[in-house]
$ cat entry.cif   # mmCIF, C-alpha atoms
data_run
loop_
_atom_site.label_atom_id
_atom_site.label_comp_id
_atom_site.auth_asym_id
_atom_site.auth_seq_id
_atom_site.Cartn_x
_atom_site.Cartn_y
_atom_site.Cartn_z
CA MET A 1 117.08 17.56 57.22
CA SER A 2 114.52 14.79 57.18
CA GLY A 3 113.17 15.18 53.60
CA PRO A 4 112.68 11.56 52.58
CA GLU A 5 110.83 10.73 55.72
CA ASP A 6 108.55 13.70 55.43
CA LEU A 7 107.54 12.83 51.82
CA SER A 8 106.69 9.31 52.76
CA GLY A 9 104.15 10.63 55.22
CA LEU A 10 102.24 12.35 52.44
CA ARG A 11 101.63 9.18 50.42
CA ILE A 12 97.95 8.02 49.95
CA GLU A 13 97.36 4.39 50.24
CA LYS A 14 95.89 2.98 46.99
CA LYS A 15 93.71 0.50 48.79
CA THR A 16 91.90 3.16 50.81
CA PHE A 17 91.08 5.29 47.72
CA THR A 18 89.69 2.31 45.81
CA THR A 19 87.42 1.40 48.72
CA ARG A 20 85.90 4.87 48.90
CA ARG A 21 85.21 4.97 45.12
CA SER A 22 83.52 1.54 45.20
CA ARG A 23 81.34 2.61 48.11
CA LYS A 24 80.16 5.75 46.20
CA LYS A 25 79.36 3.67 43.12
CA TYR A 26 77.33 1.29 45.25
CA PHE A 27 75.19 4.09 46.62
CA ILE A 28 74.53 5.41 43.10
CA ILE A 29 73.37 1.98 41.95
CA ILE A 30 71.03 1.70 44.92
CA ALA A 31 69.61 5.15 44.23
CA VAL A 32 69.00 4.33 40.59
CA GLY A 33 67.32 1.08 41.55
CA VAL A 34 65.05 2.81 44.03
CA ALA A 35 64.12 5.44 41.43
CA ALA A 36 63.42 2.74 38.84
CA ALA A 37 61.27 0.85 41.32
CA ALA A 38 59.36 4.04 42.17
CA LEU A 39 58.90 4.76 38.48
CA LEU A 40 57.63 1.25 37.83
CA TYR A 41 55.25 1.54 40.78
CA TRP A 42 53.96 4.89 39.50
CA LEU A 43 53.53 3.51 35.97
CA HIS A 44 51.66 0.55 37.42
CA GLN A 45 49.41 2.81 39.48
CA GLN A 46 48.72 4.95 36.41
CA GLN A 47 48.00 1.78 34.39
CA LEU A 48 50.54 2.87 31.80
CA LEU A 49 52.09 -0.59 31.65
CA GLN A 50 48.87 -2.17 30.31
CA PRO A 51 46.85 -1.33 27.20
CA ALA A 52 43.87 1.07 27.52
CA THR A 53 40.41 -0.50 27.73
CA GLU A 54 38.31 0.06 24.62
CA VAL A 55 34.85 1.41 25.48
CA HIS A 56 31.74 2.82 23.83
CA THR A 57 30.53 6.16 25.16
CA TYR A 58 27.41 8.30 25.13
CA HIS A 59 27.29 12.09 25.00
CA VAL A 60 25.01 13.29 27.79
CA GLN A 61 22.27 15.49 26.31
CA SER A 62 18.75 16.71 26.86
CA LEU A 63 16.14 14.16 25.89
CA TYR A 64 12.42 14.58 25.29
CA PRO A 65 10.63 11.71 27.06
CA SER A 66 8.58 11.05 23.93
CA GLN A 67 11.75 9.94 22.16
CA THR A 68 11.71 6.80 24.28
CA PHE A 69 8.30 5.68 23.00
CA THR A 70 8.52 6.88 19.40
CA ARG A 71 7.67 4.18 16.86
CA LEU A 72 8.48 6.03 13.64
CA ASN A 73 9.93 9.34 12.44
CA ALA A 74 9.14 11.09 9.16
CA SER A 75 9.87 14.45 7.53
CA GLY A 76 7.55 16.72 5.61
CA TYR A 77 6.16 20.23 5.27
CA VAL A 78 3.42 22.42 6.70
CA VAL A 79 0.60 22.64 4.14
CA ALA A 80 -2.62 24.66 4.17
CA GLN A 81 -5.59 22.40 3.50
CA ARG A 82 -7.63 25.40 2.29
CA LYS A 83 -5.62 27.35 -0.26
CA SER A 84 -6.73 29.30 -3.31
CA ALA A 85 -5.21 31.12 -6.26
CA VAL A 86 -7.80 33.89 -6.52
CA ALA A 87 -8.49 35.05 -10.08
CA GLY A 88 -11.15 36.96 -11.99
CA LYS A 89 -13.97 35.37 -14.00
CA ILE A 90 -13.55 37.78 -16.90
CA THR A 91 -10.68 39.14 -18.91
CA ALA A 92 -10.02 42.76 -18.00
CA GLN A 93 -7.39 45.20 -16.81
CA LEU A 94 -6.57 45.32 -13.11
CA VAL A 95 -7.34 48.83 -11.86
CA GLU A 96 -7.27 48.39 -8.08
CA LEU A 97 -5.50 46.05 -5.65
CA SER A 98 -6.33 46.51 -1.98
CA VAL A 99 -4.12 43.85 -0.34
CA GLU A 100 -0.48 42.87 -0.11
CA GLU A 101 1.50 39.91 1.21
CA GLY A 102 0.50 39.15 4.78
CA SER A 103 -2.86 40.94 4.61
CA ARG A 104 -5.71 39.22 6.42
CA VAL A 105 -8.99 39.05 4.55
CA SER A 106 -12.46 37.88 5.52
CA GLU A 107 -14.89 36.01 3.32
CA GLY A 108 -16.43 38.44 0.83
CA ASP A 109 -13.80 41.19 1.21
CA VAL A 110 -12.83 42.92 -2.05
CA ILE A 111 -9.27 41.96 -2.89
CA ALA A 112 -9.04 43.68 -6.29
CA ARG A 113 -11.17 45.43 -8.91
CA LEU A 114 -11.11 45.11 -12.70
CA GLU A 115 -11.93 47.72 -15.32
CA ASP A 116 -15.78 47.86 -15.59
CA ARG A 117 -16.76 50.61 -18.05
CA ASP A 118 -18.17 48.20 -20.64
CA ALA A 119 -20.14 46.37 -17.93
CA LEU A 120 -21.58 49.65 -16.63
CA ALA A 121 -22.58 50.68 -20.15
CA ALA A 122 -24.27 47.32 -20.69
CA ARG A 123 -26.20 47.79 -17.46
CA GLU A 124 -27.46 51.23 -18.55
CA ARG A 125 -28.59 49.75 -21.85
CA ALA A 126 -30.38 46.92 -20.07
CA ARG A 127 -32.11 49.34 -17.71
CA ALA A 128 -33.27 51.46 -20.68
CA ASN A 129 -34.68 48.34 -22.37
CA LEU A 130 -36.49 47.51 -19.14
CA GLU A 131 -38.07 50.95 -19.00
CA LEU A 132 -39.14 50.57 -22.64
CA ALA A 133 -40.66 47.17 -21.90
CA VAL A 134 -42.57 48.63 -18.94
CA SER A 135 -43.94 51.43 -21.14
CA ASN A 136 -44.95 48.98 -23.86
CA LEU A 137 -46.74 46.85 -21.28
CA ALA A 138 -48.62 49.85 -19.94
CA GLN A 139 -49.73 50.74 -23.48
CA ALA A 140 -50.81 47.17 -24.20
CA LYS A 141 -52.78 46.97 -20.95
CA ALA A 142 -54.62 50.21 -21.81
CA GLU A 143 -55.56 48.86 -25.23
CA LEU A 144 -56.59 45.57 -23.61
CA ARG A 145 -58.94 47.34 -21.23
CA ASP A 146 -60.63 49.09 -24.20
CA ALA A 147 -60.84 45.82 -26.12
CA ARG A 148 -62.34 44.02 -23.10
CA LEU A 149 -65.07 46.65 -22.78
CA ASP A 150 -65.82 46.48 -26.52
CA TYR A 151 -65.90 42.67 -26.34
CA GLU A 152 -68.32 42.60 -23.40
CA ARG A 153 -70.57 45.19 -25.03
CA ASN A 154 -70.73 43.32 -28.35
CA ARG A 155 -71.30 39.99 -26.56
CA GLN A 156 -74.41 41.39 -24.85
CA LEU A 157 -75.67 43.02 -28.07
CA VAL A 158 -75.19 39.89 -30.16
CA GLU A 159 -77.10 37.83 -27.61
CA LYS A 160 -80.02 40.30 -28.03
CA GLY A 161 -79.67 40.22 -31.80
CA ILE A 162 -78.95 43.92 -32.03
CA VAL A 163 -75.54 43.61 -33.78
CA ALA A 164 -74.31 41.20 -36.37
CA ARG A 165 -72.27 38.17 -35.36
CA ALA A 166 -69.37 39.37 -37.51
CA GLN A 167 -68.99 42.53 -35.47
CA PHE A 168 -68.85 40.49 -32.26
CA ASP A 169 -66.27 38.14 -33.74
CA LYS A 170 -64.11 41.10 -34.69
CA ALA A 171 -64.31 42.54 -31.13
CA GLU A 172 -63.48 39.09 -29.67
CA ALA A 173 -60.46 38.68 -31.95
CA ARG A 174 -59.13 42.11 -30.98
CA PHE A 175 -59.59 41.30 -27.28
CA ARG A 176 -57.76 37.97 -27.54
CA SER A 177 -54.98 39.53 -29.63
CA LEU A 178 -54.38 42.28 -27.08
CA SER A 179 -54.46 39.73 -24.23
CA ALA A 180 -51.66 37.83 -25.98
CA LEU A 181 -49.79 41.10 -26.54
CA VAL A 182 -49.98 41.92 -22.81
CA ARG A 183 -48.59 38.49 -21.94
CA ALA A 184 -45.80 39.05 -24.48
CA ARG A 185 -45.02 42.48 -23.02
CA GLU A 186 -44.95 40.97 -19.51
CA ALA A 187 -42.50 38.35 -20.76
CA ALA A 188 -40.44 41.12 -22.34
CA ILE A 189 -40.25 42.83 -18.95
CA GLU A 190 -39.05 39.58 -17.34
CA ALA A 191 -36.41 39.29 -20.06
CA ALA A 192 -35.38 42.91 -19.55
CA GLU A 193 -35.16 42.40 -15.78
CA ALA A 194 -33.03 39.29 -16.34
CA ALA A 195 -30.80 41.33 -18.66
CA VAL A 196 -30.38 43.97 -15.96
CA GLN A 197 -29.56 41.23 -13.45
CA GLU A 198 -27.06 39.77 -15.90
CA THR A 199 -25.28 43.11 -16.17
CA GLU A 200 -25.24 43.36 -12.37
CA VAL A 201 -23.54 39.97 -12.27
CA ALA A 202 -21.07 41.13 -14.92
CA ILE A 203 -20.27 44.19 -12.82
CA GLU A 204 -19.86 41.97 -9.77
CA TYR A 205 -17.36 39.91 -11.78
CA THR A 206 -15.13 42.99 -11.86
CA TYR A 207 -14.78 42.69 -8.08
CA ILE A 208 -12.43 39.91 -6.98
CA ARG A 209 -13.47 38.83 -3.48
CA ALA A 210 -11.98 36.52 -0.86
CA PRO A 211 -13.71 33.10 -0.93
CA PHE A 212 -12.96 32.45 2.77
CA ASP A 213 -11.16 33.92 5.78
CA ALA A 214 -7.48 33.77 4.93
CA VAL A 215 -4.06 35.42 4.75
CA VAL A 216 -2.52 36.63 1.49
CA LEU A 217 0.59 34.56 0.75
CA THR A 218 1.70 35.98 -2.61
CA LYS A 219 0.72 38.84 -4.90
CA ASN A 220 0.84 37.64 -8.50
CA ALA A 221 -0.39 40.71 -10.42
CA ASP A 222 -0.08 44.49 -10.27
CA ILE A 223 -2.30 47.38 -11.30
CA GLY A 224 -2.33 47.68 -15.07
CA ASP A 225 -1.90 43.95 -15.75
CA ILE A 226 -4.43 42.15 -17.92
CA VAL A 227 -6.13 39.48 -15.83
CA THR A 228 -7.69 36.50 -17.57
CA PRO A 229 -9.24 33.35 -16.09
CA ILE A 230 -6.92 30.99 -17.96
CA GLY A 231 -3.82 33.15 -18.32
CA ALA A 232 -3.14 31.88 -21.82
CA ALA A 233 -2.58 35.24 -23.46
CA ALA A 234 0.92 36.68 -23.62
CA ASN A 235 1.84 38.79 -20.57
CA SER A 236 -1.52 38.06 -18.93
CA LYS A 237 -1.97 36.94 -15.32
CA ALA A 238 -4.37 34.22 -14.20
CA ALA A 239 -4.22 34.57 -10.40
CA VAL A 240 -4.17 37.96 -8.74
CA VAL A 241 -3.21 36.69 -5.27
CA THR A 242 -2.70 33.37 -3.52
CA ILE A 243 -4.38 33.01 -0.13
CA ALA A 244 -4.47 30.32 2.54
CA ASP A 245 -6.62 29.61 5.56
CA MET A 246 -4.09 29.57 8.40
CA ASP A 247 -6.50 27.63 10.61
CA SER A 248 -6.27 24.69 8.20
CA LEU A 249 -2.50 24.18 8.47
CA GLN A 250 -1.39 20.56 8.79
CA VAL A 251 1.86 18.67 8.36
CA GLU A 252 2.09 16.34 5.37
CA VAL A 253 4.75 13.61 5.50
CA ASP A 254 5.66 10.69 3.29
CA VAL A 255 5.73 7.34 5.10
CA SER A 256 7.41 4.37 3.50
CA GLU A 257 5.09 1.57 2.38
CA ALA A 258 7.08 -0.78 4.61
CA ASN A 259 6.19 1.27 7.71
CA ILE A 260 2.65 2.40 6.91
CA ALA A 261 1.20 -0.45 9.00
CA ILE A 262 2.58 1.30 12.10
CA VAL A 263 0.49 4.41 11.40
CA TYR A 264 -3.26 4.70 12.09
CA GLU A 265 -5.80 7.53 12.15
CA GLY A 266 -5.95 9.29 15.49
CA GLN A 267 -2.47 8.12 16.46
CA PRO A 268 -0.75 10.58 18.84
CA CYS A 269 2.19 12.42 17.30
CA GLU A 270 4.77 15.01 18.24
CA ILE A 271 5.67 17.67 15.68
CA GLN A 272 8.96 19.55 15.53
CA LEU A 273 9.40 22.52 13.21
CA ASP A 274 12.86 23.42 11.95
CA ALA A 275 11.96 27.07 12.60
CA PHE A 276 11.43 26.30 16.32
CA PRO A 277 13.93 23.53 17.15
CA ASP A 278 13.48 23.88 20.91
CA ARG A 279 9.73 23.32 20.87
CA ARG A 280 7.57 20.25 20.36
CA PHE A 281 3.91 20.44 19.35
CA PRO A 282 1.36 17.69 20.09
CA GLY A 283 -0.77 16.40 17.25
CA LYS A 284 -2.50 13.37 15.83
CA VAL A 285 -2.85 11.57 12.51
CA TYR A 286 -5.71 13.27 10.67
CA MET A 287 -5.73 11.22 7.47
CA ILE A 288 -3.87 8.49 5.64
CA VAL A 289 -4.33 9.34 1.98
CA PRO A 290 -5.70 6.15 0.35
CA THR A 291 -3.14 5.94 -2.46
CA ALA A 292 0.57 5.31 -2.76
CA ASP A 293 3.23 7.14 -4.73
CA ARG A 294 4.82 4.54 -6.95
CA THR A 295 7.86 6.72 -7.67
CA LYS A 296 8.75 7.03 -3.97
CA ALA A 297 7.08 3.86 -2.64
CA SER A 298 5.45 5.96 0.06
CA VAL A 299 2.04 6.97 1.35
CA LEU A 300 1.04 10.55 2.21
CA VAL A 301 -0.02 11.05 5.84
CA LYS A 302 -1.62 14.26 7.13
CA VAL A 303 -0.98 15.20 10.75
CA ALA A 304 -3.09 17.87 12.50
CA PHE A 305 -1.93 20.06 15.39
CA ASP A 306 -3.81 19.71 18.69
CA ARG A 307 -3.29 23.44 19.22
CA LEU A 308 -2.18 25.46 16.23
CA PRO A 309 1.02 27.34 17.23
CA GLU A 310 1.55 31.01 16.50
CA ASN A 311 3.92 32.24 13.77
CA ILE A 312 3.65 29.00 11.83
CA LEU A 313 3.72 29.44 8.05
CA PRO A 314 2.90 27.21 5.07
CA GLU A 315 5.78 25.27 3.52
CA MET A 316 7.83 25.21 6.75
CA SER A 317 9.93 22.07 7.16
CA ALA A 318 8.72 19.71 9.87
CA LYS A 319 9.51 16.38 11.48
CA VAL A 320 6.83 14.10 12.90
CA ALA A 321 7.32 11.41 15.53
CA PHE A 322 4.56 8.78 15.56
CA LEU A 323 4.17 7.70 19.20
CA GLU A 324 3.03 4.59 21.02
CA ARG A 325 0.93 6.71 23.36
CA ALA A 326 0.06 10.32 24.08
CA VAL A 327 2.57 12.55 25.86
CA GLN A 328 1.68 13.20 29.52
CA SER A 329 1.77 16.70 31.00
CA ASP A 330 4.99 15.97 32.95
CA GLU A 331 6.69 14.66 29.79
CA GLU A 332 6.49 17.81 27.69
CA LYS A 333 9.84 19.30 28.79
CA PRO A 334 13.27 17.81 27.97
CA VAL A 335 15.30 16.09 30.67
CA LEU A 336 18.96 15.12 31.05
CA ALA A 337 19.28 11.36 30.53
CA VAL A 338 21.81 8.57 29.99
CA PRO A 339 21.38 4.93 28.93
CA VAL A 340 20.53 2.59 31.78
CA SER A 341 23.45 0.40 30.69
CA SER A 342 25.90 3.12 31.72
CA LEU A 343 24.87 3.03 35.40
CA VAL A 344 27.06 1.40 38.04
CA GLU A 345 25.86 0.81 41.60
CA LYS A 346 28.40 1.07 44.40
CA GLU A 347 27.58 1.09 48.11
CA GLY A 348 23.90 1.58 47.38
CA GLU A 349 24.47 4.67 45.22
CA LYS A 350 24.38 5.06 41.46
CA HIS A 351 27.48 6.13 39.56
CA VAL A 352 28.69 6.52 36.01
CA PHE A 353 32.16 6.58 34.52
CA VAL A 354 32.76 10.00 32.98
CA VAL A 355 35.53 10.11 30.37
CA SER A 356 38.01 12.93 30.97
CA GLY A 357 41.00 12.88 28.67
CA LYS A 358 42.06 9.27 28.57
CA ARG A 359 40.65 8.35 31.99
CA ALA A 360 37.30 7.06 33.23
CA ILE A 361 36.35 8.93 36.39
CA LEU A 362 33.83 7.27 38.68
CA THR A 363 31.17 9.90 39.38
CA ARG A 364 28.20 9.69 41.72
CA ILE A 365 24.89 10.82 40.20
CA GLU A 366 21.34 11.59 41.26
CA THR A 367 18.58 9.95 39.24
CA GLY A 368 14.93 10.66 38.51
CA ARG A 369 12.34 8.96 36.33
CA LEU A 370 12.97 6.00 34.07
CA PHE A 371 12.01 6.38 30.41
CA GLY A 372 12.35 2.99 28.75
CA SER A 373 16.08 2.36 28.35
CA MET A 374 16.99 5.92 29.42
CA GLN A 375 17.51 7.12 32.99
CA GLU A 376 16.79 10.72 33.96
CA ILE A 377 19.74 12.46 35.65
CA THR A 378 18.99 15.20 38.18
CA GLY A 379 22.54 15.85 39.40
CA GLY A 380 26.20 14.85 39.26
CA ILE A 381 26.90 15.34 35.55
CA ALA A 382 26.05 17.94 32.94
CA ALA A 383 25.08 18.06 29.30
CA GLY A 384 28.09 17.46 27.08
CA ASP A 385 29.79 14.97 29.39
CA ARG A 386 30.76 11.62 27.90
CA VAL A 387 29.87 8.50 29.90
CA VAL A 388 30.95 4.90 29.36
CA ILE A 389 28.28 2.48 28.14
CA ASP A 390 28.38 -1.09 29.53
CA PRO A 391 31.57 -0.62 31.63
CA PRO A 392 33.40 -3.95 32.25
CA ALA A 393 33.17 -5.51 35.71
CA GLN A 394 36.87 -4.84 36.43
CA PHE A 395 36.48 -1.16 35.63
CA ALA A 396 37.82 1.12 38.35
CA HIS A 397 38.28 4.80 39.02
CA LEU A 398 40.84 6.41 36.68
CA THR A 399 40.98 3.41 34.35
CA ARG A 400 42.67 4.29 31.06
CA VAL A 401 40.22 4.08 28.16
CA SER A 402 40.32 4.13 24.39
CA LEU A 403 37.15 5.36 22.70
CA LEU A 404 35.53 3.22 20.03
CA GLU A 405 33.62 4.81 17.15
#
$ encode --input "entry.cif" --output "structure tokens"
Amino acid sequence: MSGPEDLSGLRIEKKTFTTRRSRKKYFIIIAVGVAAAALLYWLHQQQLLQPATEVHTYHVQSLYPSQTFTRLNASGYVVAQRKSAVAGKITAQLVELSVEEGSRVSEGDVIARLEDRDALAARERARANLELAVSNLAQAKAELRDARLDYERNRQLVEKGIVARAQFDKAEARFRSLSALVRAREAAIEAAEAAVQETEVAIEYTYIRAPFDAVVLTKNADIGDIVTPIGAAANSKAAVVTIADMDSLQVEVDVSEANIAIVYEGQPCEIQLDAFPDRRFPGKVYMIVPTADRTKASVLVKVAFDRLPENILPEMSAKVAFLERAVQSDEEKPVLAVPVSSLVEKEGEKHVFVVSGKRAILTRIETGRLFGSMQEITGGIAAGDRVVIDPPAQFAHLTRVSLLE
């Protein structure tokens, strides 16, 4: 048997095993080093090893060209320059109301009618007095004709000495007395006619009419209410309705005393109503009210519409932009625009850095008109994008950024 010799052949040399383990460890170290180098290279490429660049940004949005030449903005309300609280001239009960809110009325239209029985009775009495005065005049004129004939007859007879002077004097006195009576009766007729006219006016007072073409804004009284010109009595109403001339609507704004020198009559303006936020209406300064409000340190300015828009109502909120010049026809619609300071020119083309996440992406754009410090954008970016303002010279595509407030 050759046991000892056979076992010696199975022995592993210690030196060989140690060499293999060292070689494996060496390869692992190299692999880790390569991975670390790759990671460092990737971090460097992603700029994660340096702090992010702090930048200011601008949200891309639609811009009205007039915003670039606006000198002053002010807020106010739409106000009717012709407005009336229509009331009666007498105190009476309201028996008829022929309008409601929103009704259009023309000058002279009957808006309401008051109780008129006493006025009608007064007119009948006045007419009866007139008829009596006419009858009295007719009687006096008949007596005057008889007295005139008697006077002429006695005048001729006294000249011939046929009748006594006393008889002539008596005929003359009667003639002159009846002449005066006729004049008095004629005056009585004039007074009676004036009385009839007065009752007609009183009856007309029972009709409440529109003083001008307008729209009814509010209804302040109902049938059965007592209407009085001053409204001082308990439960009485002074105004029946409130009306406004819709063609007289203007915007009234308060301008600070410090800025009033910028405003002048006839100055072009652009009006924006809160009810129609997507529309702008051209206008001009109609009047600068020549007094200041000491409590607000402001001056009232009235701005008229160039073309009165439809569906506009009194007391609507409005904003007015006072412009350097009038808006041109090609400047009435909004455009997409960014500040000129955000533009970067590369290889003869204009670009901007659009912020996406934490990166600034270099994006080519198409430009249009220039409006002051704003550049119209016709392609490349969309509303809502955020672009970098005044990008540093070393800025590059995919630069990490930190947004400043």
$ resolve_selection --input "entry.cif" --expression "the PyMOL selection byres ((chain A and resi 110) around 6)" --output "PyMOL selection string"
chain A and resi 109+111-112+208-209
$ resolve_selection --input "entry.cif" --expression "the PyMOL selection byres ((chain A and resi 359-364) around 10)" --output "mmCIF file with C-alpha atoms, in the coordinates of the input"
data_model
loop_
_atom_site.group_PDB
_atom_site.id
_atom_site.type_symbol
_atom_site.label_atom_id
_atom_site.label_comp_id
_atom_site.auth_asym_id
_atom_site.auth_seq_id
_atom_site.Cartn_x
_atom_site.Cartn_y
_atom_site.Cartn_z
ATOM 1 C CA GLN A 46 48.720 4.950 36.410
ATOM 2 C CA ALA A 52 43.870 1.070 27.520
ATOM 3 C CA THR A 53 40.410 -0.500 27.730
ATOM 4 C CA VAL A 55 34.850 1.410 25.480
ATOM 5 C CA LEU A 343 24.870 3.030 35.400
ATOM 6 C CA VAL A 344 27.060 1.400 38.040
ATOM 7 C CA GLU A 345 25.860 0.810 41.600
ATOM 8 C CA LYS A 346 28.400 1.070 44.400
ATOM 9 C CA GLU A 349 24.470 4.670 45.220
ATOM 10 C CA LYS A 350 24.380 5.060 41.460
ATOM 11 C CA HIS A 351 27.480 6.130 39.560
ATOM 12 C CA VAL A 352 28.690 6.520 36.010
ATOM 13 C CA PHE A 353 32.160 6.580 34.520
ATOM 14 C CA VAL A 354 32.760 10.000 32.980
ATOM 15 C CA VAL A 355 35.530 10.110 30.370
ATOM 16 C CA SER A 356 38.010 12.930 30.970
ATOM 17 C CA GLY A 357 41.000 12.880 28.670
ATOM 18 C CA LYS A 358 42.060 9.270 28.570
ATOM 19 C CA ILE A 365 24.890 10.820 40.200
ATOM 20 C CA GLU A 366 21.340 11.590 41.260
ATOM 21 C CA THR A 367 18.580 9.950 39.240
ATOM 22 C CA GLY A 379 22.540 15.850 39.400
ATOM 23 C CA GLY A 380 26.200 14.850 39.260
ATOM 24 C CA ILE A 381 26.900 15.340 35.550
ATOM 25 C CA ARG A 386 30.760 11.620 27.900
ATOM 26 C CA VAL A 387 29.870 8.500 29.900
ATOM 27 C CA VAL A 388 30.950 4.900 29.360
ATOM 28 C CA PRO A 391 31.570 -0.620 31.630
ATOM 29 C CA PHE A 395 36.480 -1.160 35.630
ATOM 30 C CA ALA A 396 37.820 1.120 38.350
ATOM 31 C CA HIS A 397 38.280 4.800 39.020
ATOM 32 C CA LEU A 398 40.840 6.410 36.680
ATOM 33 C CA THR A 399 40.980 3.410 34.350
ATOM 34 C CA ARG A 400 42.670 4.290 31.060
ATOM 35 C CA VAL A 401 40.220 4.080 28.160
ATOM 36 C CA SER A 402 40.320 4.130 24.390
#
$ resolve_selection --input "entry.cif" --expression "the PyMOL selection byres ((chain A and resi 181) around 10)" --output "list in words"
Asn136, Leu137, Ala140, Lys141, Glu143, Leu144, Phe175, Arg176, Ser177, Leu178, Ser179, Ala180, Val182, Arg183, Ala184, Arg185, Glu186 and Ala187 of chain A
$ residues_around --input "entry.cif" --residues "segment 221-231 of chain A" --least-positions-apart "5" --cutoff "9 Å" --atoms "only C-alpha atoms" --output "ChimeraX atom specification"
/A:87-97,114,236-241
$ atom_distance --input "entry.cif" --atom1 "atom CA of Pro314 of chain A" --atom2 "atom CA of Ala210 of chain A"
18.5 Å
$ closest_residue --input "entry.cif" --among "A:Gly283, A:Phe212, A:Ser256, A:Gln267" --to "Arg104 of chain A" --atoms "only C-alpha atoms"
A:Phe212
$ closest_residue --input "entry.cif" --among "A:Ile312, A:Leu336, A:Tyr205, A:Asp150" --to "Met374 of chain A" --atoms "only C-alpha atoms"
A:Leu336
$ decode --input "entry.cif" --residues "segment 188-204 of chain A" --atoms "N, CA and C atoms" --output "PDB file, in the first residue's frame"
ATOM      1  N   ALA A 188    -112.479 138.077 -14.984  1.00  0.00           N
ATOM      2  CA  ALA A 188    -112.937 136.897 -14.250  1.00  0.00           C
ATOM      3  C   ALA A 188    -112.818 135.646 -15.110  1.00  0.00           C
ATOM      4  N   ILE A 189    -113.102 135.803 -16.425  1.00  0.00           N
ATOM      5  CA  ILE A 189    -112.956 134.662 -17.328  1.00  0.00           C
ATOM      6  C   ILE A 189    -111.495 134.238 -17.419  1.00  0.00           C
ATOM      7  N   GLU A 190    -110.589 135.221 -17.517  1.00  0.00           N
ATOM      8  CA  GLU A 190    -109.159 134.897 -17.565  1.00  0.00           C
ATOM      9  C   GLU A 190    -108.735 134.151 -16.302  1.00  0.00           C
ATOM     10  N   ALA A 191    -109.256 134.633 -15.145  1.00  0.00           N
ATOM     11  CA  ALA A 191    -108.935 133.957 -13.891  1.00  0.00           C
ATOM     12  C   ALA A 191    -109.499 132.543 -13.862  1.00  0.00           C
ATOM     13  N   ALA A 192    -110.731 132.386 -14.385  1.00  0.00           N
ATOM     14  CA  ALA A 192    -111.339 131.061 -14.414  1.00  0.00           C
ATOM     15  C   ALA A 192    -110.582 130.131 -15.352  1.00  0.00           C
ATOM     16  N   GLU A 193    -110.147 130.665 -16.499  1.00  0.00           N
ATOM     17  CA  GLU A 193    -109.356 129.849 -17.426  1.00  0.00           C
ATOM     18  C   GLU A 193    -108.025 129.446 -16.799  1.00  0.00           C
ATOM     19  N   ALA A 194    -107.393 130.377 -16.071  1.00  0.00           N
ATOM     20  CA  ALA A 194    -106.140 130.050 -15.381  1.00  0.00           C
ATOM     21  C   ALA A 194    -106.377 128.980 -14.326  1.00  0.00           C
ATOM     22  N   ALA A 195    -107.548 129.066 -13.647  1.00  0.00           N
ATOM     23  CA  ALA A 195    -107.864 128.056 -12.634  1.00  0.00           C
ATOM     24  C   ALA A 195    -108.028 126.680 -13.275  1.00  0.00           C
ATOM     25  N   VAL A 196    -108.687 126.660 -14.444  1.00  0.00           N
ATOM     26  CA  VAL A 196    -108.834 125.387 -15.160  1.00  0.00           C
ATOM     27  C   VAL A 196    -107.463 124.851 -15.553  1.00  0.00           C
ATOM     28  N   GLN A 197    -106.603 125.760 -16.055  1.00  0.00           N
ATOM     29  CA  GLN A 197    -105.261 125.334 -16.441  1.00  0.00           C
ATOM     30  C   GLN A 197    -104.480 124.821 -15.232  1.00  0.00           C
ATOM     31  N   GLU A 198    -104.683 125.471 -14.099  1.00  0.00           N
ATOM     32  CA  GLU A 198    -104.012 125.031 -12.875  1.00  0.00           C
ATOM     33  C   GLU A 198    -104.449 123.624 -12.490  1.00  0.00           C
ATOM     34  N   THR A 199    -105.716 123.332 -12.630  1.00  0.00           N
ATOM     35  CA  THR A 199    -106.188 121.982 -12.305  1.00  0.00           C
ATOM     36  C   THR A 199    -105.642 120.961 -13.310  1.00  0.00           C
ATOM     37  N   GLU A 200    -105.483 121.385 -14.580  1.00  0.00           N
ATOM     38  CA  GLU A 200    -104.896 120.485 -15.569  1.00  0.00           C
ATOM     39  C   GLU A 200    -103.453 120.141 -15.189  1.00  0.00           C
ATOM     40  N   VAL A 201    -102.756 121.171 -14.704  1.00  0.00           N
ATOM     41  CA  VAL A 201    -101.372 120.942 -14.254  1.00  0.00           C
ATOM     42  C   VAL A 201    -101.367 120.001 -13.057  1.00  0.00           C
ATOM     43  N   ALA A 202    -102.314 120.211 -12.130  1.00  0.00           N
ATOM     44  CA  ALA A 202    -102.394 119.337 -10.956  1.00  0.00           C
ATOM     45  C   ALA A 202    -102.680 117.896 -11.363  1.00  0.00           C
ATOM     46  N   ILE A 203    -103.522 117.720 -12.359  1.00  0.00           N
ATOM     47  CA  ILE A 203    -103.794 116.367 -12.851  1.00  0.00           C
ATOM     48  C   ILE A 203    -102.551 115.788 -13.510  1.00  0.00           C
ATOM     49  N   GLU A 204    -101.827 116.628 -14.258  1.00  0.00           N
ATOM     50  CA  GLU A 204    -100.591 116.164 -14.887  1.00  0.00           C
ATOM     51  C   GLU A 204     -99.566 115.744 -13.839  1.00  0.00           C
TER      52      GLU A 204
END
